[in-house]
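A.B. asks: Pasting a structure here, questions to come.
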Amino acid sequence: MENVSPSEPPSESGTAGVASGPSSSPTASDTSVASNEHPKTKISDVNSHDTPDTSYEDASNCFGVWTLSYLTPLLQLGGKRPLQIDDVGQPSRADRADLAYARVGVMWEEMVKTKKEAVKRGEEPPEPDLFSVLLNGYGRNKVIYAFSLYIISAVLQFGPVVILNDLVVHFQSNYESPTLINLWVEVVLLFVLPVAVSFLQSRHNCIMAHLSVFVRTALSTMLYKKALTVSAAGRLQTSTGQVVNMMSNDTAQLQRFLQFMGFFFVAPLQIVIALVMIYQQIGNATWVGVAVMIVLVPVNMIVFTVVNKYRRLAIKHTDSRVKMINEVLNGIRILKFYAWEKPFRKEISNIREEEMQALTKLAYVQAVGFSMILLSVPIIQPILVFLTYIATSDEPLDSARAFTTVALFNIMRFPFAFLPMGFLQYLQARIAFCRLVRYMHLPELGEYVVNGAHPEDTDGTGSISGSVVMKNCSFTWSDLIKYKESTEGTTNKKKVGKKKEKKKSMKKRTKGKSETDAVIEVDAETSSLSDLIILKGVSLKINPGSLVAVIGPVGSGKSSLLSSILGEMEPIGDSKVYLPTNGNERHVSYCAQTPWIVNNTVRENILFSRKFDQSRYDEVVAAAALSDDLAILPAGDATEIGERGINLSGGQKARVALARALYSKEAGLLLLDDPLSAVDSHVGEHLFEECINGPVATGMTRILVTHRVHFLPRCDAVIVMDGGKIVHFGSYDELKEQGVDFGEEENSEGEEEMVPVKGSEEAAVAPLVTIDQKEKARQKEKGKNLITEEEKEEGEVESRAYSRYANAGGSCLFAGFILVQGGGRAFEVLSTFWLAYWAEMEITNDSNYYINVYAFLSMMGVVALTVRSIMMAVHRLRASRTIHAQLTNSVLRAPVAFFDVTPIGRVLNRFAADMDKIDLELTNSLSQGVNTLWQVVGAIGAISMATKGMFLVPLVPLSFMYYKIQKWFRRSSANLQRVTSVTNSPIFTDFSQMLSGTSTIRAYRTEKQFFEQCIKSFNVHNASYTLVQLANNWLGLRLDFLGGFISFFIGAISVGLKGNNFISAGWLGLALSYSIEVTGFLKHGVRMIATIEEQMTSVERVLHYADNIEPEAPETIPDKDPKEGTWPKVGAVEITNASMRYRDGPLVLRDLSVSIQGGEKIGVVGRTGSGKSSLMIVLFRITELSNGIISIDDIDTATVGTNALRSSLSIIPQEPVLFSNTVRYNLDPFYDKTEEELWTVLEKVQLADAIKALPSTLNEPVAEGGENFSQGQRQLICIARALLRKPRILVMDEATASIDNETDALIQKMIRENFREATVLTIAHRLNTIMDSDKILVLDNGKLAEFDTPSVLLDKQDGIFKAMVAKSMVRKSGSSNSLRALTAV
């Protein structure tokens, strides 16, 4: 359970994947099982102390806040054992997500509301300013205070330079020049000033860390809230991949910029102060340096413009890639069934290549623009300044002037080094912020559902709770206002452009990038407003408590009618739905056509945030025919259900969703979108009588979309839809009298008078195989934990991660840029020694020799810097390409079992946030880290030489202390970072799954519960993330004491031994300038070590998937695979003693043997859990057999590659999967079929007319998830896809469940005609679809129960199949002859 706070009871709301809101059940904590990934689980069993009630920081005093001493116990604990989530404690008040949203989100909503009201009044108010809202929410005074601290620290940084100048002048004058203050006071100040600067900067960094967390949390929670309210038209303007990318990358980009914002804005001030002080030293020669900076301004503008351009381009491709991967992960089963891993791997690779091209240009612009131009300025400026000085001044360049100037240029080096990265961060943050603002301005759902009676209601029934009234209403999924604006003034130029684009798209194959990347565009030439109107002139009045059926052909608008009642569509004109609720907030219950199952227990999926009522719960479970399923599930209703209900069958998901809809006694209106299509006919009969029309639904108004017309006589009214209009509305008898043809003759299960067989569900249940009690207990415990715990390394980042990253980009390149950087530093150090030698010579004339040598040594440093940057860019690009390819290959080669237990959000986080760090940040951080190392090594070497080895005395203990502190710190810091990474994944897991269930969440009014879970996830994450940032400052503060001691030691020995002339003025200046520099580099080094380790955890996480996912069987086995097109020829399937289990669960197929002749049509039936789908899964080797053999045409399928096997078979799944590309691509992703073949199969599945009516026909974009097609149309596209393959063996898993009876009959006829010689295995819920099969295979509890012709099985006494047919319906004639007559259908 989620231990967000030890003072609060464990929360049920956030099981892995998507939470279903807080637990409403007092016993839910015993039945619901948390994801092991979610922060509610412990990372380690070790827990030596309780989680504090308040954050470490909030509980600390003023001294602790400034010194960060409150972190010491935690870091000590981390040095002893791996830190747990419980150790992290609570977030600071400044980091709490609920407070962040209350301060920002609520204020933003008020501003948007005010603007809308002003627009209604005809005013033109200014756009709401999100930046001001964020700043005011956090507190302007806090930000001003933080900046003030940093400005003071920036000024104090120049104190040691002033002291350096004073001391060197004093030594240079043979101790005759007076010092500003007492020598020993100056020596002490060399220690005190750096420490003071460190305290001020540390406090500033802490405040800015809180600001960055506050902003990211506020924006993320606003994104979450917005996603729950954005309209259908708004969703068409974006995609799930983009929104997830905003949540993961864009908010993180803003967070990174804000952490260093103070440094970025104060850097120009430091440069100005340094130039003023340089002017005091060398006079007018300073203006040369200023001129260089002025010249760089337009260069900088060009560089940053180009960087901005390529960064935007890279983000665009990143969105496309993440979107594609999200779709691949959601449709992984269809990829496996169709052996489409290779084409989709290529598709991802193509998008990635376009992304890499943008990243390549970005990398080289950064390498040349930043390194060669900007970073080299502090090296080149002293050369030009000294050259000008000796040319214009009569005074020699003495040690005081030289090293004070060098020290000041060294101070400028940090701002110059950071400004490029700061500008880049700023540009990236600006782009990210603009994207977020655009999303915040997307249209939201219109409030057209009126809680009350229609104004024209005369009989008073329209005011009763449960009634539904619509008068001449029209609805669309698009924003027609924007459509009008986009189509007005269409020019011939635009038409020509569209023709070219269309021609181009016909010529080329899709190269990686989806043709519908984010927005579904409407072709203004071929489409009109009427084409976009989905429901047209709908008028209806549904009486309270009635049962109304909605029927119609595929795409007629049935689901859209329910959506319009829910308030999900865009109203046209004054269209309103009148829905009186009498103050009942949970008046509506909704069962979506594709059931939305959250990653929680079965019980919590049914409760859905409502209070637990045992009697009601038992009642709806029995009514939904779930009792026997719960008995089979390993932990009963406490069994954890995976994302998208991955471990439930289609029928089980439908019944869980139906039980959810019926659970609330308060519900007055049930909207049921074809819940019976996924269940067997006898179960459908049970659900209709016990659920939909049973006691549990007493008093509720029920609107049922269905294709099972035999239920229509038992409904109070029937709505017949066609073309988005209600063409008939009345009672069944009335419509029959009007001559309406319901197509009963096409449905042998339909009969005017049908009597349900009571207890049919119980009669169909076979006794369960007895399981040992210990095994049963083990399975029960396993059932409680489906989702695996996210891996988390312990201790420091392993060297293997570094070596793998180095090898991925080329180990020689990696080693090369380290050595080149070291060589560059060596030249810089030599140049300062040469400067000291030159200054001591005090040459006034003929200084060309000295300045030339100095210039040569310095320029070699610039050359090294440039070479290093180019090598770094090449390495970065190679490494990114290699690592992403390894990750993609590993994930696509993973077995389906991996995706059953791994949330999609967790996998997506690797491809989004982790790869973003590897692509853009890691190499830069490594470069800075290596640079810092060489800077420190060079400085220590120079100081040691300048002090004649004396510095080596304190260096040994100082080095030992530094090593011990950083090693101890790194262990704790790495653990904290891993905890942060683990707590980050649930945020995206919850968010990505929530995006797919917004209509269900809104229907049940559970937005608040889901949002509260989002808040809890952020609180857990923020607590650990902030500690990582604060811990870095804890270390930096303590290391600054060591850095200050170095300057103190140099000053002390020089002053203490000045009588012995121990150290010359030049070497004193050199040593002090490096001591001032090394203090900054030590602190920066710590920051970079922490940053590198933080980013290397992303490499660890990606490599863990790349290396440790156990792949499924080989795709190809060259020596064994039959030649393409040669196998199978007959299609004979021989199954011998086949047994199979999922993961290490119980056997679901048990010693199954069956022989199927080539070309036979086999119907496969059995109750839920009997093994029907499992049989198909082993046939495709989605899961391998535990025992036994499956042969096709006498070839053991286990001996050939999965690609050869799966490409020879075909399946039409129960749940259609479409990808956001074109219609053509969804039919034929290989592009190896002609257009004529595509149209032929579309005609066969009755979809040709619908596709021809689309603006771009075959090239029409398919929206994400196929949302611009109805469920039935999606299913027909999948059937067409299977027809194109012309397989010898076809599997149909209730393929026509979402299709009307007339189309179903045509499809069944078409399949019989087109697959006359193929072997067809059909899993059926509508028994009439298999009654003409050659044989019926009846499975029961994983075993073969019956296998023979339908006529033989119908004559079999006490036969299971005979009982199933009888239970589906009983005619008044009731004879076995009538059953046998079904075989003639």
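By order of appearance in the structure tokens: chains A, B, ..., then residues from 1 within every chain, and ligands from 1 in the order shown.
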Report as a list in words all protein, DNA and RNA residues lying within 7 Å of A:Ala1106, evaluated on only C-alpha atoms, omitting residues in the same chain fewer than 5 positions from it.
C.D. replies: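 In the requested form, the answer reads Gln886, Leu887 and Ser890 of chain A.
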A.B. asks: Show me, as a list in words, the residues that have an atom within 12 Å of A:Phe171 when counting only C-alpha atoms, minus same-chain residues fewer than 6 positions from it.
C.D. replies: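 My reading of the contact set: Leu164, Asn165, Ser177, Pro178, Thr179, Leu183, Asp398, Ser399, Ala400, Glu840, Gly1051, Ser1054, Val1055, Leu1057, Lys1058, Gly1059, Asn1060, Asn1061, Phe1062, Ile1063, Ser1064, Ala1065, Gly1066, Trp1067, Leu1068 and Gly1069 of chain A.
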A.B. asks: Could you save the residues just selected, with C-alpha atoms, as a tab-separated table (two decimals), in the first residue's frame?
C.D. replies:
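In the end it all went to part28.tsv:
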```
chain	number	residue	atom	x	y	z
A	164	LEU	CA	45.30	38.74	-4.30
A	165	ASN	CA	46.11	42.05	-5.96
A	177	SER	CA	53.79	48.87	-0.39
A	178	PRO	CA	51.20	49.09	2.40
A	179	THR	CA	48.28	46.68	2.33
A	183	LEU	CA	48.13	41.03	6.25
A	398	ASP	CA	54.02	43.14	-13.68
A	399	SER	CA	52.80	40.18	-11.63
A	400	ALA	CA	50.05	42.10	-9.84
A	840	GLU	CA	58.90	38.79	-13.31
A	1051	GLY	CA	48.34	33.14	2.02
A	1054	SER	CA	53.55	33.33	1.90
A	1055	VAL	CA	53.02	35.86	4.71
A	1057	LEU	CA	57.74	33.04	5.29
A	1058	LYS	CA	58.00	36.41	3.53
A	1059	GLY	CA	61.18	37.22	5.42
A	1060	ASN	CA	62.86	34.25	3.72
A	1061	ASN	CA	61.67	35.23	0.22
A	1062	PHE	CA	60.14	31.75	0.08
A	1063	ILE	CA	57.73	32.63	-2.72
A	1064	SER	CA	58.04	35.31	-5.40
A	1065	ALA	CA	55.29	37.78	-6.25
A	1066	GLY	CA	54.64	36.15	-9.62
A	1067	TRP	CA	54.30	32.68	-8.19
A	1068	LEU	CA	52.18	33.96	-5.30
A	1069	GLY	CA	49.84	35.55	-7.83
```
A.B. asks: Which of these, A:Arg893, A:Lys725, A:Arg1274, A:Arg970, has the shortest distance to A:Thr594 once you count only C-alpha atoms?
C.D. replies: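 Using only C-alpha atoms, A:Thr594 sits closest to A:Arg1274.
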A.B. asks: Name the residues in contact with stretch 795-810 of chain A at a cut-off of 7 Å, using only C-alpha atoms, excluding same-chain residues fewer than 6 positions from it; report them as a PyMOL selection string.
C.D. replies: chain A and resi 82+875-876+878-879+882-883+970-971+974-975+1093+1097+1099-1100
A.B. asks: Put those residues in a file: all heavy atoms, as a compact mmCIF listing (two decimals), in the first residue's frame.
C.D. replies:
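selection-v2.txt written:
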```txt
# COMPACT_ATOMS: atom_id res chain seq x y z
N PRO A 82 20.97 0.75 1.91
CA PRO A 82 20.18 1.41 0.87
C PRO A 82 18.99 2.15 1.47
O PRO A 82 18.31 1.64 2.36
CB PRO A 82 19.71 0.26 -0.03
CG PRO A 82 20.69 -0.84 0.24
CD PRO A 82 21.11 -0.71 1.66
N HIS A 875 30.37 11.39 -30.40
CA HIS A 875 30.15 10.30 -29.44
C HIS A 875 28.72 10.30 -28.94
O HIS A 875 28.07 9.24 -28.84
CB HIS A 875 31.12 10.43 -28.26
CG HIS A 875 30.98 9.33 -27.26
ND1 HIS A 875 30.05 9.38 -26.23
CD2 HIS A 875 31.63 8.15 -27.13
CE1 HIS A 875 30.14 8.29 -25.52
NE2 HIS A 875 31.09 7.52 -26.05
N ARG A 876 28.23 11.47 -28.62
CA ARG A 876 26.86 11.58 -28.09
C ARG A 876 25.84 11.03 -29.07
O ARG A 876 24.92 10.29 -28.69
CB ARG A 876 26.59 13.05 -27.78
CG ARG A 876 25.13 13.47 -27.69
CD ARG A 876 25.07 14.95 -27.41
NE ARG A 876 23.87 15.57 -27.91
CZ ARG A 876 23.65 16.87 -27.91
NH1 ARG A 876 24.59 17.68 -27.46
NH2 ARG A 876 22.53 17.37 -28.37
N ARG A 878 26.32 8.92 -31.63
CA ARG A 878 26.48 7.47 -31.80
C ARG A 878 25.88 6.72 -30.62
O ARG A 878 25.19 5.71 -30.79
CB ARG A 878 27.96 7.12 -31.95
CG ARG A 878 28.56 7.50 -33.29
CD ARG A 878 30.01 7.02 -33.35
NE ARG A 878 30.65 7.39 -34.60
CZ ARG A 878 31.94 7.15 -34.86
NH1 ARG A 878 32.70 6.55 -33.94
NH2 ARG A 878 32.46 7.50 -36.02
N ALA A 879 26.17 7.19 -29.41
CA ALA A 879 25.68 6.52 -28.21
C ALA A 879 24.15 6.54 -28.16
O ALA A 879 23.52 5.53 -27.86
CB ALA A 879 26.26 7.19 -26.96
N THR A 882 22.73 4.11 -30.75
CA THR A 882 22.97 2.71 -30.38
C THR A 882 22.07 2.29 -29.23
O THR A 882 21.43 1.23 -29.27
CB THR A 882 24.44 2.51 -29.99
OG1 THR A 882 25.27 2.87 -31.10
CG2 THR A 882 24.71 1.06 -29.61
N ILE A 883 22.02 3.10 -28.18
CA ILE A 883 21.26 2.73 -26.98
C ILE A 883 19.77 2.66 -27.29
O ILE A 883 19.07 1.74 -26.84
CB ILE A 883 21.55 3.72 -25.84
CG1 ILE A 883 22.99 3.53 -25.34
CG2 ILE A 883 20.58 3.55 -24.68
CD1 ILE A 883 23.44 4.55 -24.32
N ARG A 970 28.15 10.05 -2.31
CA ARG A 970 27.70 9.50 -3.58
C ARG A 970 26.83 8.28 -3.37
O ARG A 970 25.86 8.06 -4.10
CB ARG A 970 28.89 9.14 -4.47
CG ARG A 970 29.53 10.33 -5.17
CD ARG A 970 30.77 9.90 -5.92
NE ARG A 970 30.47 8.92 -6.94
CZ ARG A 970 31.37 8.06 -7.42
NH1 ARG A 970 32.61 8.07 -6.95
NH2 ARG A 970 31.03 7.21 -8.36
N ARG A 971 27.16 7.47 -2.36
CA ARG A 971 26.37 6.27 -2.09
C ARG A 971 24.93 6.67 -1.72
O ARG A 971 23.96 6.12 -2.24
CB ARG A 971 27.00 5.45 -0.98
CG ARG A 971 26.31 4.10 -0.77
CD ARG A 971 26.98 3.28 0.32
NE ARG A 971 28.31 2.87 -0.07
CZ ARG A 971 29.44 3.26 0.53
NH1 ARG A 971 29.37 4.11 1.53
NH2 ARG A 971 30.61 2.83 0.13
N ALA A 974 23.21 8.51 -4.81
CA ALA A 974 22.78 7.59 -5.86
C ALA A 974 21.51 6.85 -5.45
O ALA A 974 20.60 6.65 -6.26
CB ALA A 974 23.90 6.60 -6.18
N ASN A 975 21.44 6.46 -4.16
CA ASN A 975 20.24 5.79 -3.68
C ASN A 975 19.03 6.72 -3.73
O ASN A 975 17.94 6.33 -4.12
CB ASN A 975 20.44 5.30 -2.24
CG ASN A 975 21.09 3.93 -2.20
OD1 ASN A 975 20.78 3.07 -3.01
ND2 ASN A 975 22.01 3.73 -1.27
N GLU A 1093 25.77 11.24 -12.14
CA GLU A 1093 25.22 10.01 -11.58
C GLU A 1093 23.71 9.97 -11.73
O GLU A 1093 23.12 8.91 -11.99
CB GLU A 1093 25.62 9.88 -10.11
CG GLU A 1093 27.11 9.71 -9.90
CD GLU A 1093 27.45 8.66 -8.88
OE1 GLU A 1093 26.67 8.52 -7.92
OE2 GLU A 1093 28.48 7.98 -9.04
N THR A 1097 21.83 7.11 -14.09
CA THR A 1097 20.78 6.18 -13.69
C THR A 1097 19.81 5.95 -14.85
O THR A 1097 19.22 4.88 -14.97
CB THR A 1097 20.01 6.69 -12.46
OG1 THR A 1097 19.43 7.97 -12.75
CG2 THR A 1097 20.90 6.79 -11.25
N VAL A 1099 20.80 5.80 -17.97
CA VAL A 1099 21.50 4.79 -18.76
C VAL A 1099 21.32 3.42 -18.13
O VAL A 1099 21.04 2.43 -18.83
CB VAL A 1099 23.00 5.13 -18.88
CG1 VAL A 1099 23.75 4.03 -19.63
CG2 VAL A 1099 23.20 6.47 -19.58
N GLU A 1100 21.44 3.34 -16.81
CA GLU A 1100 21.23 2.08 -16.10
C GLU A 1100 19.84 1.52 -16.39
O GLU A 1100 19.68 0.33 -16.68
CB GLU A 1100 21.35 2.30 -14.58
CG GLU A 1100 22.73 2.12 -14.02
CD GLU A 1100 22.71 2.19 -12.50
OE1 GLU A 1100 21.83 2.83 -11.92
OE2 GLU A 1100 23.61 1.60 -11.89
```
A.B. asks: Would you pick out the contacts of A:Arg702 at 9 Å or less, using only C-alpha atoms, so that residues sharing its chain but fewer than 2 positions from it are not included, and give the list as a VMD selection string?
C.D. replies: chain A and resid 466 544 to 549 668 to 672 692 to 693 697 700 704
A.B. asks: Keeping N, CA and C atoms, export the residues of the selection given above as a compact mmCIF listing (two decimals), in the first residue's frame.
C.D. replies:
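And here is the file that came out, again-v5.txt:
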```txt
# COMPACT_ATOMS: atom_id res chain seq x y z
N GLY A 466 -34.05 10.47 -14.20
CA GLY A 466 -33.95 9.30 -15.06
C GLY A 466 -34.48 9.55 -16.45
N PRO A 544 -38.47 7.89 -17.47
CA PRO A 544 -37.69 7.37 -16.35
C PRO A 544 -38.03 5.91 -16.06
N GLY A 545 -36.98 5.14 -15.77
CA GLY A 545 -37.16 3.74 -15.42
C GLY A 545 -37.33 2.81 -16.59
N SER A 546 -37.30 3.31 -17.82
CA SER A 546 -37.53 2.47 -18.99
C SER A 546 -36.23 1.84 -19.48
N LEU A 547 -36.39 0.80 -20.26
CA LEU A 547 -35.26 0.14 -20.92
C LEU A 547 -35.38 0.39 -22.41
N VAL A 548 -34.40 1.11 -22.96
CA VAL A 548 -34.44 1.51 -24.36
C VAL A 548 -33.24 0.90 -25.08
N ALA A 549 -33.50 0.19 -26.15
CA ALA A 549 -32.43 -0.40 -26.95
C ALA A 549 -32.12 0.54 -28.11
N GLY A 668 -29.37 6.80 -11.60
CA GLY A 668 -30.70 6.88 -12.20
C GLY A 668 -30.70 6.58 -13.68
N LEU A 669 -29.51 6.66 -14.29
CA LEU A 669 -29.40 6.47 -15.74
C LEU A 669 -28.20 5.60 -16.05
N LEU A 670 -28.46 4.47 -16.73
CA LEU A 670 -27.38 3.56 -17.15
C LEU A 670 -27.22 3.67 -18.67
N LEU A 671 -26.00 4.02 -19.09
CA LEU A 671 -25.67 4.07 -20.51
C LEU A 671 -24.78 2.88 -20.81
N LEU A 672 -25.29 1.92 -21.56
CA LEU A 672 -24.59 0.66 -21.78
C LEU A 672 -24.27 0.53 -23.26
N ILE A 692 -29.27 -6.20 -16.67
CA ILE A 692 -29.84 -5.06 -17.38
C ILE A 692 -31.34 -4.93 -17.11
N ASN A 693 -32.01 -6.07 -17.04
CA ASN A 693 -33.46 -6.05 -16.84
C ASN A 693 -33.84 -6.76 -15.56
N ALA A 697 -31.27 -3.49 -11.34
CA ALA A 697 -31.47 -2.28 -12.13
C ALA A 697 -32.85 -1.68 -11.93
N MET A 700 -34.02 2.14 -12.57
CA MET A 700 -33.03 2.87 -13.36
C MET A 700 -33.47 2.96 -14.83
N LEU A 704 -29.50 0.88 -23.86
CA LEU A 704 -28.64 -0.23 -24.22
C LEU A 704 -28.37 -0.25 -25.72
```
A.B. asks: So which residues touch stretch 930-944 of chain A within 6 Å, counting only C-alpha atoms, skipping near sequence neighbours fewer than 3 positions away, as a list in words?
C.D. replies: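 The contact residues come out as Gly822, Ser927, Thr947, Gly949, Phe951, Ala1071, Tyr1074, Val1078, Phe1081 and Gly1085 of chain A.
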A.B. asks: Distance atom CA of A:Phe147-atom CA of A:Leu211, one decimal place?
C.D. replies: 12.2 Å
A.B. asks: Given the choices A:Ala622, A:Leu190, A:Leu156, A:Ile597, which gets closest to A:Leu1072 if the distance is worked out from only C-alpha atoms?
C.D. replies: A:Leu190
A.B. asks: With only C-alpha atoms as the atoms that count, which of A:Glu1160, A:Glu737, A:Asn141, A:Met872 lies nearest to A:Ala815?
C.D. replies: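 Using only C-alpha atoms, A:Ala815 sits closest to A:Met872.
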A.B. asks: Sorted by chain and rising residue number, list the residues of stretch 585-664 of chain A at most 12 Å from stretch 1325-1347 of chain A (counting only C-alpha atoms), each with its closest atom pair and distance in Å to one decimal, as a Markdown table.
C.D. replies:
```
| residue | atom | partner | partner_atom | distance |
| --- | --- | --- | --- | --- |
| A:Asp629 | CA | A:Asn1341 | CA | 11.9 |
| A:Ile632 | CA | A:Asn1341 | CA | 10.0 |
| A:Gly650 | CA | A:His1325 | CA | 11.0 |
| A:Gly651 | CA | A:His1325 | CA | 9.4 |
```
A.B. asks: Let me see the file: selected residues, C-alpha atoms, as a CSV table (one decimal), in the first residue's frame.
C.D. replies:
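After the write, out-v4.csv holds the following:
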```csv
chain,number,residue,atom,x,y,z
A,629,ASP,CA,-14.7,-16.1,-12.4
A,632,ILE,CA,-11.1,-19.2,-10.5
A,650,GLY,CA,-12.9,-9.7,-23.2
A,651,GLY,CA,-16.0,-11.1,-21.6
```
A.B. asks: Taking only residues of stretch 134-226 of chain A that have an atom at most 12 Å from an atom of stretch 404-407 of chain A, what is each one's shortest atom pair and its distance in Å to one decimal, using only C-alpha atoms, in chain and number order, as a tab-separated table?
C.D. replies:
```
residue	atom	partner	partner_atom	distance
A:Gln157	CA	A:Ala407	CA	11.0
A:Phe158	CA	A:Ala407	CA	9.3
A:Gly159	CA	A:Ala407	CA	11.4
A:Pro160	CA	A:Ala407	CA	9.4
A:Val161	CA	A:Thr404	CA	6.4
A:Val162	CA	A:Thr404	CA	7.9
A:Ile163	CA	A:Thr404	CA	9.5
A:Leu164	CA	A:Thr404	CA	6.8
A:Asn165	CA	A:Thr404	CA	5.6
A:Asp166	CA	A:Thr404	CA	9.4
A:Leu167	CA	A:Thr404	CA	10.5
A:Val168	CA	A:Thr404	CA	8.8
A:Val169	CA	A:Thr404	CA	10.1
```
A.B. asks: Rank nothing, just name the residue among A:Glu619, A:Phe911, A:Val1241, A:Pro957 nearest to A:Met1310, using only C-alpha atoms.
C.D. replies: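 Between A:Glu619, A:Phe911, A:Val1241, A:Pro957, the residue approaching A:Met1310 most closely is A:Val1241.
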A.B. asks: If I take atom CA of A:His317 and atom CA of A:Thr983, how far is one from the other in Å, to one decimal?
C.D. replies: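 These atoms are spaced 27.1 Å apart.
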A.B. asks: Counting only C-alpha atoms, figure out which residue out of A:Gln425, A:Thr229, A:Ser1047, A:Gln84 gets nearest to A:Val979.
C.D. replies: A:Gln84
A.B. asks: Enumerate as JSON, numbers by chain all residues of stretch 571-776 of chain A assigned to helix (DSSP H, G or I) by DSSP on the backbone, naming them with the chain letters and numbers the document uses.
C.D. replies: {"A": [602, 603, 604, 605, 606, 607, 614, 615, 616, 617, 618, 619, 620, 621, 622, 623, 627, 628, 629, 630, 631, 632, 636, 637, 638, 643, 644, 645, 650, 651, 652, 653, 654, 655, 656, 657, 658, 659, 660, 661, 662, 663, 675, 676, 677, 678, 681, 682, 683, 684, 685, 686, 687, 688, 689, 690, 691, 692, 695, 696, 697, 709, 710, 711, 712, 713, 714, 732, 733, 734, 735, 736, 737, 744, 745, 746, 760, 761, 762, 763, 773, 774, 775, 776]}
A.B. asks: Quick one: everything within 10 Å of A:Gln1273, counting only C-alpha atoms, minus sequence neighbours fewer than 5 positions away in the same chain. Send it as a compact mmCIF listing (two decimals) with N, CA, C and O atoms, in the first residue's frame.
C.D. replies:
```txt
# COMPACT_ATOMS: atom_id res chain seq x y z
N PRO A 553 -26.84 0.06 -38.12
CA PRO A 553 -25.63 -0.49 -38.76
C PRO A 553 -24.36 0.14 -38.22
O PRO A 553 -24.40 1.13 -37.47
N VAL A 554 -23.23 -0.41 -38.62
CA VAL A 554 -21.93 0.11 -38.21
C VAL A 554 -21.80 1.57 -38.64
O VAL A 554 -22.10 1.92 -39.78
N GLY A 555 -21.34 2.42 -37.71
CA GLY A 555 -21.11 3.83 -38.03
C GLY A 555 -22.36 4.67 -38.09
O GLY A 555 -22.33 5.78 -38.62
N PRO A 1216 -10.32 -4.55 -31.65
CA PRO A 1216 -9.59 -4.02 -32.82
C PRO A 1216 -8.50 -3.04 -32.40
O PRO A 1216 -8.68 -2.24 -31.49
N VAL A 1245 -15.81 -6.43 -46.94
CA VAL A 1245 -16.20 -6.22 -45.54
C VAL A 1245 -17.21 -5.08 -45.41
O VAL A 1245 -17.44 -4.58 -44.31
N GLN A 1246 -17.82 -4.66 -46.52
CA GLN A 1246 -18.87 -3.64 -46.51
C GLN A 1246 -18.38 -2.28 -46.00
O GLN A 1246 -19.11 -1.54 -45.36
N LEU A 1247 -17.11 -1.97 -46.27
CA LEU A 1247 -16.55 -0.73 -45.75
C LEU A 1247 -16.10 0.20 -46.88
O LEU A 1247 -15.67 1.32 -46.63
N ALA A 1250 -17.87 3.65 -47.06
CA ALA A 1250 -17.49 4.55 -45.95
C ALA A 1250 -16.10 5.15 -46.18
O ALA A 1250 -15.88 6.34 -45.91
N ILE A 1251 -15.17 4.36 -46.70
CA ILE A 1251 -13.81 4.87 -46.94
C ILE A 1251 -13.80 5.81 -48.13
O ILE A 1251 -13.11 6.83 -48.11
N GLY A 1266 -7.73 5.01 -33.38
CA GLY A 1266 -8.83 4.86 -34.33
C GLY A 1266 -10.09 5.58 -33.91
O GLY A 1266 -11.21 5.19 -34.28
N ASN A 1268 -11.50 8.22 -34.83
CA ASN A 1268 -12.37 8.80 -35.86
C ASN A 1268 -13.14 7.74 -36.64
O ASN A 1268 -13.75 8.04 -37.66
N CYS A 1278 -9.95 -4.39 -39.34
CA CYS A 1278 -9.12 -5.52 -38.90
C CYS A 1278 -9.45 -6.78 -39.70
O CYS A 1278 -8.55 -7.58 -40.01
N ILE A 1279 -10.72 -6.97 -40.00
CA ILE A 1279 -11.10 -8.13 -40.82
C ILE A 1279 -10.51 -7.99 -42.23
O ILE A 1279 -9.98 -8.95 -42.79
N SER A 1298 -18.88 -6.52 -32.53
CA SER A 1298 -19.29 -5.12 -32.53
C SER A 1298 -19.98 -4.71 -33.82
O SER A 1298 -20.06 -3.53 -34.14
N ILE A 1299 -20.45 -5.69 -34.55
CA ILE A 1299 -21.04 -5.42 -35.87
C ILE A 1299 -22.52 -5.79 -35.85
O ILE A 1299 -22.91 -6.78 -35.22
```
